[in-house]
Each structure stands twice: as C-alpha cells, then as structure tokens.
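Report on one structure; see the data block that follows.
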Number of protein chains: 2
Amino acid sequence: MSNLKLLAQSLGLSITTVSRALDGYSDVAPATRERVQAAARAMNYRPNPAARSLRRRKAEAVAVTLPTEPGRFGPPIFLNMLSACGQRLAEEGLDLMLLPTAGRSGEMDTYRRLLDGRRADAVIVVRTRLEDERVAFLKERGIPFVTHGRTARPGEHAFIDGDGEAGFRDAARQLAAAGHRRIAHIAAPQDLTFAHLRRKGWLAALDEVGSSERLEYAAQPTEAGGYEAAQWLLQQSAPPTALLCATDSMAIGALSALKERGFTAGREIAVIGHDNLPSAAFTDPPLSSMEIAAPDVGRQLAEMLIARLGGREARELQTILPVRQVPRATHGPAN
Amino acid sequence: MSNLKLLAQSLGLSITTVSRALDGYSDVAPATRERVQAAARAMNYRPNPAARSLRRRKAEAVAVTLPTEPGRFGPPIFLNMLSACGQRLAEEGLDLMLLPTAGRSGEMDTYRRLLDGRRADAVIVVRTRLEDERVAFLKERGIPFVTHGRTARPGEHAFIDGDGEAGFRDAARQLAAAGHRRIAHIAAPQDLTFAHLRRKGWLAALDEVGSSERLEYAAQPTEAGGYEAAQWLLQQSAPPTALLCATDSMAIGALSALKERGFTAGREIAVIGHDNLPSAAFTDPPLSSMEIAAPDVGRQLAEMLIARLGGREARELQTILPVRQVPRATHGPAN
DNA sequence: TTGACTTCCCAAAACGTTTTGGAGATCTAG
DNA sequence: CTAGATCTCCAAAACGTTTTGGGAAGTCAA
C-alpha cells in the first residue's frame, strides 16, 4: 500500500534518494540512509514487485513445469525437493512458480508462453529426458536453467543428479557377490535419463561378473508398473532370483506380485529399489533401497540456479551426487 | 521482446487502439481488430506481465504456501491436486506460485511479505487447522482465498473438503456391523481439521452402536506415526480388533506393526485408511481405504478461486465432497 | 442545414520503481 | 582565493501496459 512517493514525502526527500538509500548505494549520507530505513520499517514498505520487474526487466521468478498425466501421481520426492528449493530461492527474493502442464506438447506451449512473456528469469527442468526438447529450447533462447537429472549431452548445461548408474552397479555387484546369478532389472521408460542410467549401471555389473542373462522388463515407474513387470519376469522359464527396480514405487508393486505368487522377498527372491521413500521402511518385508546421499538436493539446485543467474558458467555447475545403499530386509541371500 | 509500441508502429495505429483491439473492446472496427490480431500472432506478441499487473494493480497470480518441516514429506496428494489446480488457473491467465515455508512462524512471515507486496491476488490454504491464523489474517486483509479443508468456523470462508466425518462414521459402522467391538482410532494431530473430523466420525459411530470403549492414539500423519500408534494400541490389556487410521500413510505404518507382532491384517485385526494412495493397492494385504469421490478436487478448487476473484460470495463457495469406501483385504471379519 | 448520435480512433496520464545525468554544497590543494 | 574533487541529493526519463477523456468523421432525424 505504501510506496516510494509516500515515503519520500513523509521524509522530505526525493524518491530517488529514498530508493537509493534502501538499495544501499554509497551516494547517500549514512544518517539519511538510516532515517530512510527506519521510516520504511515503520510504514512497513515493500517495493511493488510488478513495478520493480518492469523497470529492471526481470521477473524475479523461477519456473518449474510439472508434466502430469491426469490420475498418475508424480513421485512424492518432487514436492519436498521443490519445497527446499523454493525456500532458498525466497531468500534471494525469487518466487518459485509451479506450472503444471498437460502432456508433452502442452509442456512446450507452456515454455513458449512463459519465456516469450518473460514471466520467469530461469527455469528448473525435472524428469529430464535423454533427448529433451525443453533443454534444446532453453539453450536456443539463452535462458538460464538447471536440470534435475542429466541429458544425453550433460556437458552443455547445468544439472544436478544422483549417481544412479553407480548405485545400480553397486547393488547388482552385491547381489552377484551374494550368489545371485539371475539378476533381473525392472526398468522405467528408457527415454527418461534416470531410467537409462540405472539400467546402464545394472548392465555394467552384469558384464563385470560375466553374466550373459539380460532379464529385464520396462514399465511405468509406478506400483502398477512394477507389479506388471514382476509378474512377467516371474513367469519366464528361468525366473530371476533378484529384482533390481528402477524406483521404490516399482519395487513396492513387485513385492506385491511376489507375495501373490507365494514368494517371500529377501528369501527366495531379492528386491531392491531406489529413492528410499518413507514407506519403504514399512513394507513387508522392509524394502532395501538406495538414496542420494545428500540431504538437501533441493537447496543445492537453488544454489546452482542462483549461481547461473549470477553469470556463472554452466560447465562449472554440474553435480553428480553419490548414491548410498539403504539395506533392509529384501536384498536377502541367494546362497 | 515485441511490445505494443512496435506492434502499433508496424500497423500505423496508436498503442491505445492496438491494446483495445487485443482486449476485444467494442470501439474498434472489426476489420482493424482482425488486422491487429493477425499482426500480434505474426510477431507472437505477449503482453508483458509486469507492466500489465503494474497498471491493473493485480498480480495475476495465486499463491499457496506449503508448510514443510525438513525431512518430513508432504502428502503425495498435494502435488497432484496443485497440478490440476494450476492447470485450470493457467487457462485464466493466472500463475500458481508455490511458497514453501519453514515451520509455522515462517509461514506467517511469508503471508505478510506476500500480501504487503501484492505478489498474489488470491491464496490457497492447505493443511487447514481448526483455529487457523492464516485464515484470520486473510480475512482481516480481505484477500480472496479458498481453503482445502475446513476451519472451526467454516461458514465464513470458501472451502473445499471431503466429508471425512461421514467416511469414518460409515467405516466404523461397517466394522461394528461385522462384529467388531473394540474399534480403535489412530488419529492425526487434532489441530488439523481433517484429523478432528475423522475422529469425530469415528466417535459418532461408536455412540450409535453404544460402545463405551474409546481406544485411540494420536501421532504424526506418517508411516512412522502409524507404526508407533499401532504398537501402543496392541500392547493394551484389551487390544483393539480394528484400527481406523486417519491416513493411508499411518495405516501402512500400522500394517507393519501388526505384521511384526504376528497378526494378519484383515484376519485378526481390521485396518482401514484414508486417501487411497496408489501404494494402498499394493500393500500386503491390500489396504482397505476410502477417498474423495470426485476425481478433480484440484480443478474444483481452482474454479472456486476464480469465482471468488470474480466477486462471488464466500458463502456460496463451500463444497463438501462425498467420501467413498474403497474396500480391499484389510477390513476383514471379526465374527 | 443543423444538431445529435454513432463509430472509430488517439494523446496523454497513470501504475511504482530504477537509473541517468547532473546540480548545489562543502572541502582540499595549490 | 580559486579550481577542482567529493559528498549529497534530485528531476526526469524510462519500463510496457491500461484507461480516461475526448475528437474527427460519418450518419441520421428533423
């Protein structure tokens, strides 16, 4: 409600001086600066964000688009990550805008609306794909952005990601070391980078131990997808003794399929997921999983975005976070 | 990049006329209107949102604050609901701003920053409490808002909510009809309205059937909370035969506690949750739950907000949606 | 023919901020 | 005592839109 004009009038100063005093310029006397700041606090003045961004030609906002098919739940991790991210951005005076989009084509429309209209200064890309048209678009336009997850050419942009490849390699190695010979992979759609990398890690471990079996099934990264995959794998002529699942949601579905067929996960068949969802500790048996070792991915994401807005080079802003195994009861023995 | 001035110049018209043509005013000739619209499309002109909201004195944005304790996951339903909501708001040219806040005091700070600075025209309140200072604040300031969930005085503001009370009454009735005599309630913190109402429904059913037992335990609405509650309830001298849980997350925790003590849910002890999470169908045994019967709560929320911004009275905008039982395997028999 | 009414258009004033390009004091050095 | 340097401050011009208050033709009725 109160603006610079009012503030200036009440202080007997010009708008210019008040503005500069509040922004901490050096060409205003310390005494007046303090007088101005006190008055601003008293009238609890807040700069009008519209006016400010009009003049500065910045939106002071960061956008994230959420591709959501109706009825399908986004991974619960997102909300938490975005929350932490937004909190850090707020400290910098940046708003976090959530732009849900319908399907993949709607997403590009949203991008165009967003950036032609200068509604956001920077963008966060989630559910990154190996070949991601969003990334291509943003690079072409020169908009700062950070992706959550890599693309096929990660060298060319800022990203933060967990080392799912290493995580799955380690997990598969451990299973092999425990005597498992038929380690199957329940994969998520391979255009999603995280899914591709996790599968790659699994493949690497199989190569290492000289296993030639390539038992796998790709499905949607949901409980239903995991269930479907496990059903298919278990009815093969030589069914697997271990299921390495792309996500915990899929693993939970797989557990259900195992139970249905009379298997006990962790005894006859090992199951390992990824994400360490809160519910993973409460499945029956408790689900072995893995997770990004850093507690604050969202915050780091924000930090990278801020650095990018501050002019830092994209190549300096590329983080791969280690993945830590969270063993529980389902990675049990083969031998 | 292109603005009204450029557009006007290229058309040999005034800025005023171009602006009015695009806004569909009647005082511009149909022929010129079309000429303008064609040109606007060709130059893919988008009005600068900052300039527009400066002049219109509106932010063209809706905010939702997300109270998130670090480490604790918000209910996975939120992301979906907000997604659907944001999609509808976008059709109206409104951005959905996500403002994560640290703890309860930080939340009020955020509200003040938000509304003193006119960053949002309207607000969505989630995790509504019986006595909610956010609601008080918004009413005092006269900001349009809709709450997801009711307060203790729901008559005074717009809200959308599921009829958790009826849902829990029905569920408890059914349990009683099946012969259950000691129906316990695993409650969420009672300052949260949804938790209060669900407990109330449970109490109502107990009164109806003349049961005097009041077995209950309140905990955090998480898997861990449900686990803790179930543990406590099961070690009472006269343990319950049914657990009516405030949320599916809690029910999943309870299932785990049951298993640990050698009980089979749905045989010795019934378990029912609420929310119908995707994973509820994949627990062992599959969890009986309930859910709001409407498929598009988020969209309806957006609709109410739009109506409210359009001047509709808050009292006309109060929706209680029916709750439907989703029976699976865990509400099993007592007799 | 004239006055009133339409129809179509426009100049200019906002909205509230930041920034540019000084201007008037006061001080410093010669 | 004067020329420059240094401190403080300010008027005015942006930023791109919407909206106010008309104004110039053209049309119609009397």
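Each chain of the structure tokens is named A, B, ... in the order shown, its residues numbered from 1; ligands are numbered from 1 in display order.
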
Which residues of chain C have any atom within 9 Å of an atom in chain B when counting only C-alpha atoms (C1' of nucleotides), and what is the closest pair of atoms for each, with the distance in Å to one decimal? Order the rows by chain and rising number and write it as JSON lines.
```
{"residue": "C:DT7", "atom": "C1'", "partner": "B:Asp27", "partner_atom": "CA", "distance": 7.3}
{"residue": "C:DC8", "atom": "C1'", "partner": "B:Val28", "partner_atom": "CA", "distance": 5.9}
{"residue": "C:DC9", "atom": "C1'", "partner": "B:Thr17", "partner_atom": "CA", "distance": 6.8}
{"residue": "C:DC10", "atom": "C1'", "partner": "B:Ser14", "partner_atom": "CA", "distance": 6.3}
{"residue": "C:DA14", "atom": "C1'", "partner": "B:Arg55", "partner_atom": "CA", "distance": 7.9}
{"residue": "C:DC15", "atom": "C1'", "partner": "B:Arg55", "partner_atom": "CA", "distance": 4.5}
{"residue": "C:DG16", "atom": "C1'", "partner": "B:Leu54", "partner_atom": "CA", "distance": 7.6}
```

Counting only C-alpha atoms (C1' of nucleotides), what is within 12 Å of D:DA30, bar same-chain residues fewer than 3 positions away, as an NGL selection string? :C and (1-4)

Would you put the residues from that selection into a file with N, CA and C atoms (P, O5', C5', C4', C3', O3' and C1' of nucleotides), as a PDB file, in the first residue's frame?
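So the final result, stored in selection_15.pdb, reads:
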```pdb
ATOM      1  P    DT C   1     -26.948  22.979 -46.993  1.00  0.00           P
ATOM      2  O5'  DT C   1     -28.185  23.240 -46.008  1.00  0.00           O
ATOM      3  C5'  DT C   1     -28.513  24.564 -45.620  1.00  0.00           C
ATOM      4  C4'  DT C   1     -28.712  24.561 -44.136  1.00  0.00           C
ATOM      5  C3'  DT C   1     -27.430  24.372 -43.320  1.00  0.00           C
ATOM      6  O3'  DT C   1     -27.562  25.121 -42.128  1.00  0.00           O
ATOM      7  C1'  DT C   1     -28.880  22.556 -42.892  1.00  0.00           C
ATOM      8  P    DT C   2     -26.281  25.440 -41.243  1.00  0.00           P
ATOM      9  O5'  DT C   2     -26.772  24.899 -39.835  1.00  0.00           O
ATOM     10  C5'  DT C   2     -28.171  24.920 -39.527  1.00  0.00           C
ATOM     11  C4'  DT C   2     -28.454  23.922 -38.423  1.00  0.00           C
ATOM     12  C3'  DT C   2     -27.269  23.618 -37.498  1.00  0.00           C
ATOM     13  O3'  DT C   2     -27.746  23.504 -36.185  1.00  0.00           O
ATOM     14  C1'  DT C   2     -28.076  21.611 -38.378  1.00  0.00           C
ATOM     15  P    DG C   3     -26.867  24.074 -34.995  1.00  0.00           P
ATOM     16  O5'  DG C   3     -27.197  23.087 -33.789  1.00  0.00           O
ATOM     17  C5'  DG C   3     -28.543  22.754 -33.515  1.00  0.00           C
ATOM     18  C4'  DG C   3     -28.654  21.261 -33.314  1.00  0.00           C
ATOM     19  C3'  DG C   3     -27.661  20.686 -32.291  1.00  0.00           C
ATOM     20  O3'  DG C   3     -28.407  20.209 -31.198  1.00  0.00           O
ATOM     21  C1'  DG C   3     -27.781  19.336 -34.277  1.00  0.00           C
ATOM     22  P    DA C   4     -27.660  19.567 -29.996  1.00  0.00           P
ATOM     23  O5'  DA C   4     -27.861  18.029 -30.317  1.00  0.00           O
ATOM     24  C5'  DA C   4     -29.173  17.530 -30.540  1.00  0.00           C
ATOM     25  C4'  DA C   4     -29.094  16.057 -30.855  1.00  0.00           C
ATOM     26  C3'  DA C   4     -28.216  15.257 -29.878  1.00  0.00           C
ATOM     27  O3'  DA C   4     -28.865  14.022 -29.618  1.00  0.00           O
ATOM     28  C1'  DA C   4     -27.416  14.959 -32.079  1.00  0.00           C
TER      29       DA C   4
END
```

Where in stretch 19-256 of chain B does DSSP assign helix (DSSP H, G or I), given as a PyMOL selection string? chain B and resi 19-22+30-42+49-56+77-91+103-116+133-141+154-156+164-177+193-208+223-234+248-256

Please provide as a list in words all residues within 10 Å of B:Glu107, with the sequence filter that same-chain residues fewer than 3 positions apart are discarded (counting only C-alpha atoms (C1' of nucleotides)). Thr65, Leu66, Pro67, Thr68, Leu99, Pro100, Thr101, Ala102, Gly103, Arg104, Thr110, Tyr111, Arg112, Arg113, Glu133 and Arg134 of chain B

Go ahead and save the picked residues with N, CA and C atoms, as a compact mmCIF listing (two decimals), in the first residue's frame.
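Saved to selection-v3.txt:
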```
# COMPACT_ATOMS: atom_id res chain seq x y z
N THR B 65 1.02 -21.57 0.13
CA THR B 65 2.18 -21.79 0.98
C THR B 65 2.18 -23.24 1.42
N LEU B 66 3.36 -23.82 1.44
CA LEU B 66 3.50 -25.22 1.80
C LEU B 66 4.32 -25.34 3.07
N PRO B 67 3.67 -25.58 4.16
CA PRO B 67 4.42 -25.75 5.40
C PRO B 67 5.13 -27.09 5.35
N THR B 68 6.44 -27.06 5.31
CA THR B 68 7.18 -28.32 5.22
C THR B 68 8.26 -28.37 6.27
N LEU B 99 4.91 -21.33 -2.43
CA LEU B 99 5.78 -20.69 -1.45
C LEU B 99 6.02 -21.62 -0.28
N PRO B 100 7.11 -22.32 -0.30
CA PRO B 100 7.40 -23.23 0.79
C PRO B 100 7.83 -22.40 1.99
N THR B 101 7.43 -22.85 3.16
CA THR B 101 7.77 -22.08 4.35
C THR B 101 8.34 -23.02 5.39
N ALA B 102 9.23 -22.46 6.19
CA ALA B 102 9.84 -23.25 7.25
C ALA B 102 9.05 -23.04 8.52
N GLY B 103 8.36 -24.07 8.94
CA GLY B 103 7.67 -24.01 10.22
C GLY B 103 6.50 -23.05 10.20
N ARG B 104 5.86 -22.92 11.34
CA ARG B 104 4.61 -22.21 11.40
C ARG B 104 4.80 -20.70 11.47
N THR B 110 5.82 -15.23 5.62
CA THR B 110 5.62 -15.34 4.17
C THR B 110 4.31 -14.69 3.76
N TYR B 111 3.28 -14.91 4.55
CA TYR B 111 2.00 -14.28 4.23
C TYR B 111 2.11 -12.76 4.20
N ARG B 112 2.80 -12.23 5.18
CA ARG B 112 2.93 -10.77 5.23
C ARG B 112 3.70 -10.25 4.03
N ARG B 113 4.85 -10.89 3.76
CA ARG B 113 5.64 -10.49 2.61
C ARG B 113 4.79 -10.53 1.35
N GLU B 133 -4.47 -19.28 11.93
CA GLU B 133 -4.14 -17.86 11.92
C GLU B 133 -4.00 -17.33 10.50
N ARG B 134 -3.70 -18.24 9.57
CA ARG B 134 -3.62 -17.81 8.18
C ARG B 134 -4.98 -17.32 7.71
```

Residue contacts of D:DA13 (12 Å, only C-alpha atoms (C1' of nucleotides)) excluding same-chain residues fewer than 2 positions away, as JSON, numbers by chain: {"A": [55], "C": [18, 19, 20, 21], "D": [11, 15]}

Keeping C-alpha atoms (C1' of nucleotides) for every residue in the selection just given, could you write it to a file as a CSV table (one decimal), in the first residue's frame?
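Written file, out_32.csv:
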```
chain,number,residue,atom,x,y,z
A,55,ARG,CA,11.9,-1.4,-14.7
C,18,DT,C1',15.3,2.1,-11.1
C,19,DT,C1',18.7,4.8,-13.4
C,20,DT,C1',20.8,8.5,-15.8
C,21,DG,C1',23.0,12.7,-15.7
D,11,DA,C1',14.4,16.0,-11.6
D,15,DC,C1',10.0,0.2,-18.4
```

Once DSSP has gone over the backbone, tell me which residues of stretch 96-210 of chain A are in strand (DSSP E or B), as an mmCIF file with C-alpha atoms, in the first residue's frame.
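What ended up in states_30.cif:
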```cif
data_model
loop_
_atom_site.group_PDB
_atom_site.id
_atom_site.type_symbol
_atom_site.label_atom_id
_atom_site.label_comp_id
_atom_site.auth_asym_id
_atom_site.auth_seq_id
_atom_site.Cartn_x
_atom_site.Cartn_y
_atom_site.Cartn_z
ATOM 1 C CA LEU A 96 9.047 -20.219 -7.405
ATOM 2 C CA MET A 97 6.322 -20.673 -9.971
ATOM 3 C CA LEU A 98 4.776 -24.061 -10.443
ATOM 4 C CA LEU A 99 3.469 -24.600 -13.943
ATOM 5 C CA PRO A 100 1.644 -27.863 -14.337
ATOM 6 C CA THR A 101 1.285 -28.972 -17.906
ATOM 7 C CA ALA A 122 15.197 -19.017 -15.073
ATOM 8 C CA VAL A 123 13.755 -22.481 -15.270
ATOM 9 C CA ILE A 124 14.100 -25.776 -13.456
ATOM 10 C CA VAL A 125 13.667 -28.856 -15.617
ATOM 11 C CA ARG A 129 14.958 -36.998 -20.761
ATOM 12 C CA PHE A 145 18.257 -23.230 -16.353
ATOM 13 C CA VAL A 146 19.247 -26.209 -14.280
ATOM 14 C CA THR A 147 18.047 -29.705 -14.915
ATOM 15 C CA HIS A 148 17.269 -32.254 -12.267
ATOM 16 C CA ALA A 158 23.929 -27.076 -15.540
ATOM 17 C CA PHE A 159 22.456 -30.072 -13.773
ATOM 18 C CA ILE A 160 22.243 -31.886 -10.501
ATOM 19 C CA ASP A 161 21.790 -35.602 -10.404
ATOM 20 C CA GLY A 162 22.345 -38.650 -8.298
ATOM 21 C CA ILE A 183 19.557 -60.588 -11.527
ATOM 22 C CA ALA A 184 16.662 -59.023 -13.390
ATOM 23 C CA HIS A 185 16.066 -55.334 -13.924
ATOM 24 C CA ILE A 186 12.657 -53.734 -13.672
ATOM 25 C CA ALA A 187 13.205 -50.661 -15.792
ATOM 26 C CA LEU A 192 13.987 -40.809 -19.032
#
```

Separation of atom CA of A:Ser279 from atom CA of B:Thr128 in Å: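 These atoms are spaced 24.2 Å apart.
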
Using only C-alpha atoms, which chain A residues lie at most 8 Å away from chain B, written as a ChimeraX atom specification? /A:1,45-51,53-54,59,66,68,70,73-77,79-80,83-84,86-87,95-102,113,116-119,223,249,252-253,255-256,259,278-279,282-284

Dump N, CA and C atoms for the selected residues as a compact mmCIF listing (two decimals), in the first residue's frame?
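Contents of the output file selection_18.txt:
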```txt
# COMPACT_ATOMS: atom_id res chain seq x y z
N MET A 1 0.82 -1.21 0.00
CA MET A 1 0.00 0.00 0.00
C MET A 1 0.85 1.27 0.00
N TYR A 45 7.10 -0.68 4.42
CA TYR A 45 7.15 -0.54 2.97
C TYR A 45 7.73 -1.78 2.31
N ARG A 46 7.08 -2.26 1.25
CA ARG A 46 7.65 -3.32 0.42
C ARG A 46 7.61 -2.85 -1.03
N PRO A 47 8.72 -2.92 -1.71
CA PRO A 47 8.70 -2.50 -3.10
C PRO A 47 7.68 -3.31 -3.89
N ASN A 48 6.96 -2.65 -4.74
CA ASN A 48 5.99 -3.31 -5.60
C ASN A 48 6.72 -4.17 -6.62
N PRO A 49 6.49 -5.47 -6.55
CA PRO A 49 7.28 -6.36 -7.41
C PRO A 49 7.01 -6.14 -8.90
N ALA A 50 5.79 -5.77 -9.25
CA ALA A 50 5.48 -5.56 -10.66
C ALA A 50 6.28 -4.37 -11.19
N ALA A 51 6.25 -3.27 -10.45
CA ALA A 51 6.98 -2.08 -10.88
C ALA A 51 8.46 -2.37 -10.98
N SER A 53 9.98 -5.23 -11.43
CA SER A 53 10.43 -6.09 -12.52
C SER A 53 10.18 -5.44 -13.88
N LEU A 54 9.21 -4.57 -13.93
CA LEU A 54 9.01 -3.83 -15.18
C LEU A 54 10.26 -3.01 -15.49
N ALA A 59 11.89 -10.86 -14.08
CA ALA A 59 10.65 -11.31 -13.47
C ALA A 59 10.83 -11.59 -11.98
N LEU A 66 5.63 -28.97 -14.45
CA LEU A 66 5.40 -30.31 -13.94
C LEU A 66 4.55 -31.09 -14.92
N THR A 68 2.26 -33.66 -15.80
CA THR A 68 1.46 -34.59 -15.00
C THR A 68 0.34 -35.16 -15.84
N PRO A 70 -3.03 -36.87 -16.02
CA PRO A 70 -4.09 -36.91 -15.02
C PRO A 70 -4.20 -38.30 -14.43
N PHE A 73 0.27 -40.11 -10.24
CA PHE A 73 0.89 -39.29 -9.23
C PHE A 73 2.35 -39.05 -9.56
N GLY A 74 2.78 -37.83 -9.39
CA GLY A 74 4.19 -37.54 -9.53
C GLY A 74 4.91 -38.16 -8.35
N PRO A 75 6.18 -38.43 -8.49
CA PRO A 75 6.92 -39.00 -7.38
C PRO A 75 6.87 -38.05 -6.19
N PRO A 76 6.62 -38.60 -5.02
CA PRO A 76 6.46 -37.77 -3.84
C PRO A 76 7.72 -36.98 -3.50
N ILE A 77 8.83 -37.40 -4.07
CA ILE A 77 10.06 -36.68 -3.75
C ILE A 77 10.01 -35.25 -4.26
N LEU A 79 7.82 -32.84 -4.42
CA LEU A 79 7.27 -31.77 -3.61
C LEU A 79 8.28 -31.33 -2.58
N ASN A 80 8.92 -32.30 -1.97
CA ASN A 80 9.91 -31.99 -0.96
C ASN A 80 11.09 -31.23 -1.53
N SER A 83 10.15 -27.79 -2.48
CA SER A 83 9.97 -27.00 -1.27
C SER A 83 11.29 -26.43 -0.79
N ALA A 84 12.26 -27.30 -0.64
CA ALA A 84 13.57 -26.87 -0.17
C ALA A 84 14.16 -25.86 -1.15
N GLY A 86 12.54 -23.85 -3.22
CA GLY A 86 11.83 -22.59 -3.14
C GLY A 86 12.20 -21.79 -1.92
N GLN A 87 12.48 -22.49 -0.86
CA GLN A 87 12.86 -21.80 0.36
C GLN A 87 14.15 -21.02 0.17
N ASP A 95 10.63 -15.77 -6.58
CA ASP A 95 9.46 -16.62 -6.39
C ASP A 95 9.62 -17.90 -7.19
N LEU A 96 9.04 -18.95 -6.67
CA LEU A 96 9.05 -20.22 -7.41
C LEU A 96 7.66 -20.44 -7.99
N MET A 97 7.61 -20.47 -9.32
CA MET A 97 6.32 -20.67 -9.97
C MET A 97 6.18 -22.10 -10.43
N LEU A 98 5.05 -22.68 -10.10
CA LEU A 98 4.78 -24.06 -10.44
C LEU A 98 3.86 -24.06 -11.65
N LEU A 99 4.31 -24.60 -12.75
CA LEU A 99 3.47 -24.60 -13.94
C LEU A 99 3.15 -26.02 -14.37
N PRO A 100 2.02 -26.51 -13.96
CA PRO A 100 1.64 -27.86 -14.34
C PRO A 100 1.26 -27.85 -15.80
N THR A 101 1.59 -28.92 -16.49
CA THR A 101 1.29 -28.97 -17.91
C THR A 101 0.63 -30.30 -18.23
N ALA A 102 -0.23 -30.27 -19.20
CA ALA A 102 -0.91 -31.48 -19.63
C ALA A 102 -0.13 -32.09 -20.78
N ARG A 113 4.91 -19.69 -23.84
CA ARG A 113 4.16 -18.65 -23.14
C ARG A 113 5.03 -18.00 -22.07
N ASP A 116 8.36 -16.17 -23.84
CA ASP A 116 8.02 -15.02 -24.66
C ASP A 116 7.51 -13.89 -23.78
N GLY A 117 6.79 -14.27 -22.75
CA GLY A 117 6.23 -13.26 -21.87
C GLY A 117 7.16 -12.84 -20.75
N ARG A 118 8.38 -13.39 -20.75
CA ARG A 118 9.32 -13.04 -19.69
C ARG A 118 8.71 -13.17 -18.29
N ARG A 119 8.03 -14.25 -18.07
CA ARG A 119 7.42 -14.45 -16.76
C ARG A 119 8.41 -15.01 -15.76
N GLU A 223 3.66 -48.23 -8.93
CA GLU A 223 3.45 -49.52 -8.29
C GLU A 223 2.88 -50.51 -9.30
N SER A 249 8.67 -47.17 -5.88
CA SER A 249 7.27 -47.41 -6.23
C SER A 249 7.15 -48.71 -7.01
N ILE A 252 7.69 -51.67 -4.77
CA ILE A 252 6.53 -51.97 -3.93
C ILE A 252 5.52 -52.80 -4.73
N GLY A 253 5.34 -52.41 -5.97
CA GLY A 253 4.47 -53.22 -6.84
C GLY A 253 5.02 -54.62 -7.02
N LEU A 255 6.94 -56.28 -4.94
CA LEU A 255 6.75 -57.03 -3.70
C LEU A 255 5.37 -57.68 -3.70
N SER A 256 4.40 -56.90 -4.14
CA SER A 256 3.03 -57.39 -4.12
C SER A 256 2.87 -58.60 -5.07
N LYS A 259 4.49 -61.70 -3.43
CA LYS A 259 3.62 -62.25 -2.40
C LYS A 259 2.52 -63.08 -3.04
N PRO A 278 9.56 -42.85 2.22
CA PRO A 278 9.24 -43.08 3.63
C PRO A 278 8.55 -44.42 3.83
N SER A 279 7.74 -44.83 2.88
CA SER A 279 7.01 -46.08 3.08
C SER A 279 7.88 -47.30 2.88
N PHE A 282 8.45 -49.52 5.70
CA PHE A 282 7.28 -50.14 6.31
C PHE A 282 6.60 -51.17 5.41
N THR A 283 7.29 -51.55 4.33
CA THR A 283 6.73 -52.63 3.54
C THR A 283 7.01 -53.94 4.26
N ASP A 284 6.45 -55.01 3.72
CA ASP A 284 6.69 -56.31 4.36
C ASP A 284 7.25 -57.28 3.34
```

Show me, as a JSON list (two decimals) with N, CA and C atoms (P, O5', C5', C4', C3', O3' and C1' of nucleotides), in the first residue's frame, the residues of chain D whose atoms get within 9 Å of chain A, using only C-alpha atoms (C1' of nucleotides) for the distance check.
```
[["chain", "number", "residue", "atom", "x", "y", "z"],
["D", 7, "DC", "P", 34.22, 11.35, -0.85],
["D", 7, "DC", "O5'", 32.89, 11.83, -0.16],
["D", 7, "DC", "C5'", 32.30, 12.98, -0.69],
["D", 7, "DC", "C4'", 31.36, 13.59, 0.30],
["D", 7, "DC", "C3'", 30.18, 12.70, 0.62],
["D", 7, "DC", "O3'", 29.66, 13.05, 1.88],
["D", 7, "DC", "C1'", 29.52, 14.46, -0.86],
["D", 8, "DT", "P", 28.50, 12.20, 2.57],
["D", 8, "DT", "O5'", 27.31, 13.16, 2.28],
["D", 8, "DT", "C5'", 26.42, 12.78, 1.29],
["D", 8, "DT", "C4'", 25.44, 13.90, 1.10],
["D", 8, "DT", "C3'", 24.08, 13.30, 0.91],
["D", 8, "DT", "O3'", 23.16, 13.97, 1.73],
["D", 8, "DT", "C1'", 24.76, 14.51, -1.02],
["D", 9, "DC", "P", 21.71, 13.34, 1.87],
["D", 9, "DC", "O5'", 21.12, 13.74, 0.46],
["D", 9, "DC", "C5'", 20.37, 14.95, 0.35],
["D", 9, "DC", "C4'", 20.26, 15.32, -1.09],
["D", 9, "DC", "C3'", 19.02, 14.81, -1.80],
["D", 9, "DC", "O3'", 17.99, 15.77, -1.69],
["D", 9, "DC", "C1'", 20.97, 14.88, -3.20],
["D", 10, "DC", "P", 16.52, 15.36, -1.87],
["D", 10, "DC", "O5'", 16.31, 15.64, -3.42],
["D", 10, "DC", "C5'", 16.65, 16.93, -3.94],
["D", 10, "DC", "C4'", 16.69, 16.83, -5.43],
["D", 10, "DC", "C3'", 15.43, 16.23, -6.04],
["D", 10, "DC", "O3'", 14.82, 17.20, -6.84],
["D", 10, "DC", "C1'", 17.40, 15.36, -7.05],
["D", 14, "DA", "P", 13.40, 8.65, -22.33],
["D", 14, "DA", "O5'", 12.13, 7.84, -21.75],
["D", 14, "DA", "C5'", 12.00, 6.49, -22.09],
["D", 14, "DA", "C4'", 12.74, 5.62, -21.08],
["D", 14, "DA", "C3'", 12.07, 4.28, -20.94],
["D", 14, "DA", "O3'", 12.88, 3.33, -21.58],
["D", 14, "DA", "C1'", 12.45, 5.31, -18.79],
["D", 15, "DC", "P", 12.18, 2.42, -22.69],
["D", 15, "DC", "O5'", 11.71, 1.11, -21.94],
["D", 15, "DC", "C5'", 12.48, 0.50, -20.93],
["D", 15, "DC", "C4'", 11.56, -0.24, -20.00],
["D", 15, "DC", "C3'", 10.23, -0.63, -20.64],
["D", 15, "DC", "O3'", 10.37, -1.93, -21.19],
["D", 15, "DC", "C1'", 9.96, 0.19, -18.39],
["D", 16, "DG", "P", 9.87, -2.18, -22.70],
["D", 16, "DG", "O5'", 8.30, -2.39, -22.50],
["D", 16, "DG", "C5'", 7.87, -3.52, -21.77],
["D", 16, "DG", "C4'", 6.40, -3.40, -21.51],
["D", 16, "DG", "C3'", 5.55, -3.23, -22.77],
["D", 16, "DG", "O3'", 4.44, -4.08, -22.65],
["D", 16, "DG", "C1'", 5.06, -1.54, -21.23]]
```

Which is closer to A:Tyr217 than all the others in A:Leu7, A:Ala177, A:Leu130, A:Ala246, using only C-alpha atoms?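 Smallest distance to A:Tyr217 is found for A:Ala246.
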
So which residues touch A:Ala176 within 12 Å, counting only C-alpha atoms (C1' of nucleotides), skipping near sequence neighbours fewer than 2 positions away, as a PyMOL selection string? chain A and resi 169-174+178-184+202+205-211+241-244+270+331-335
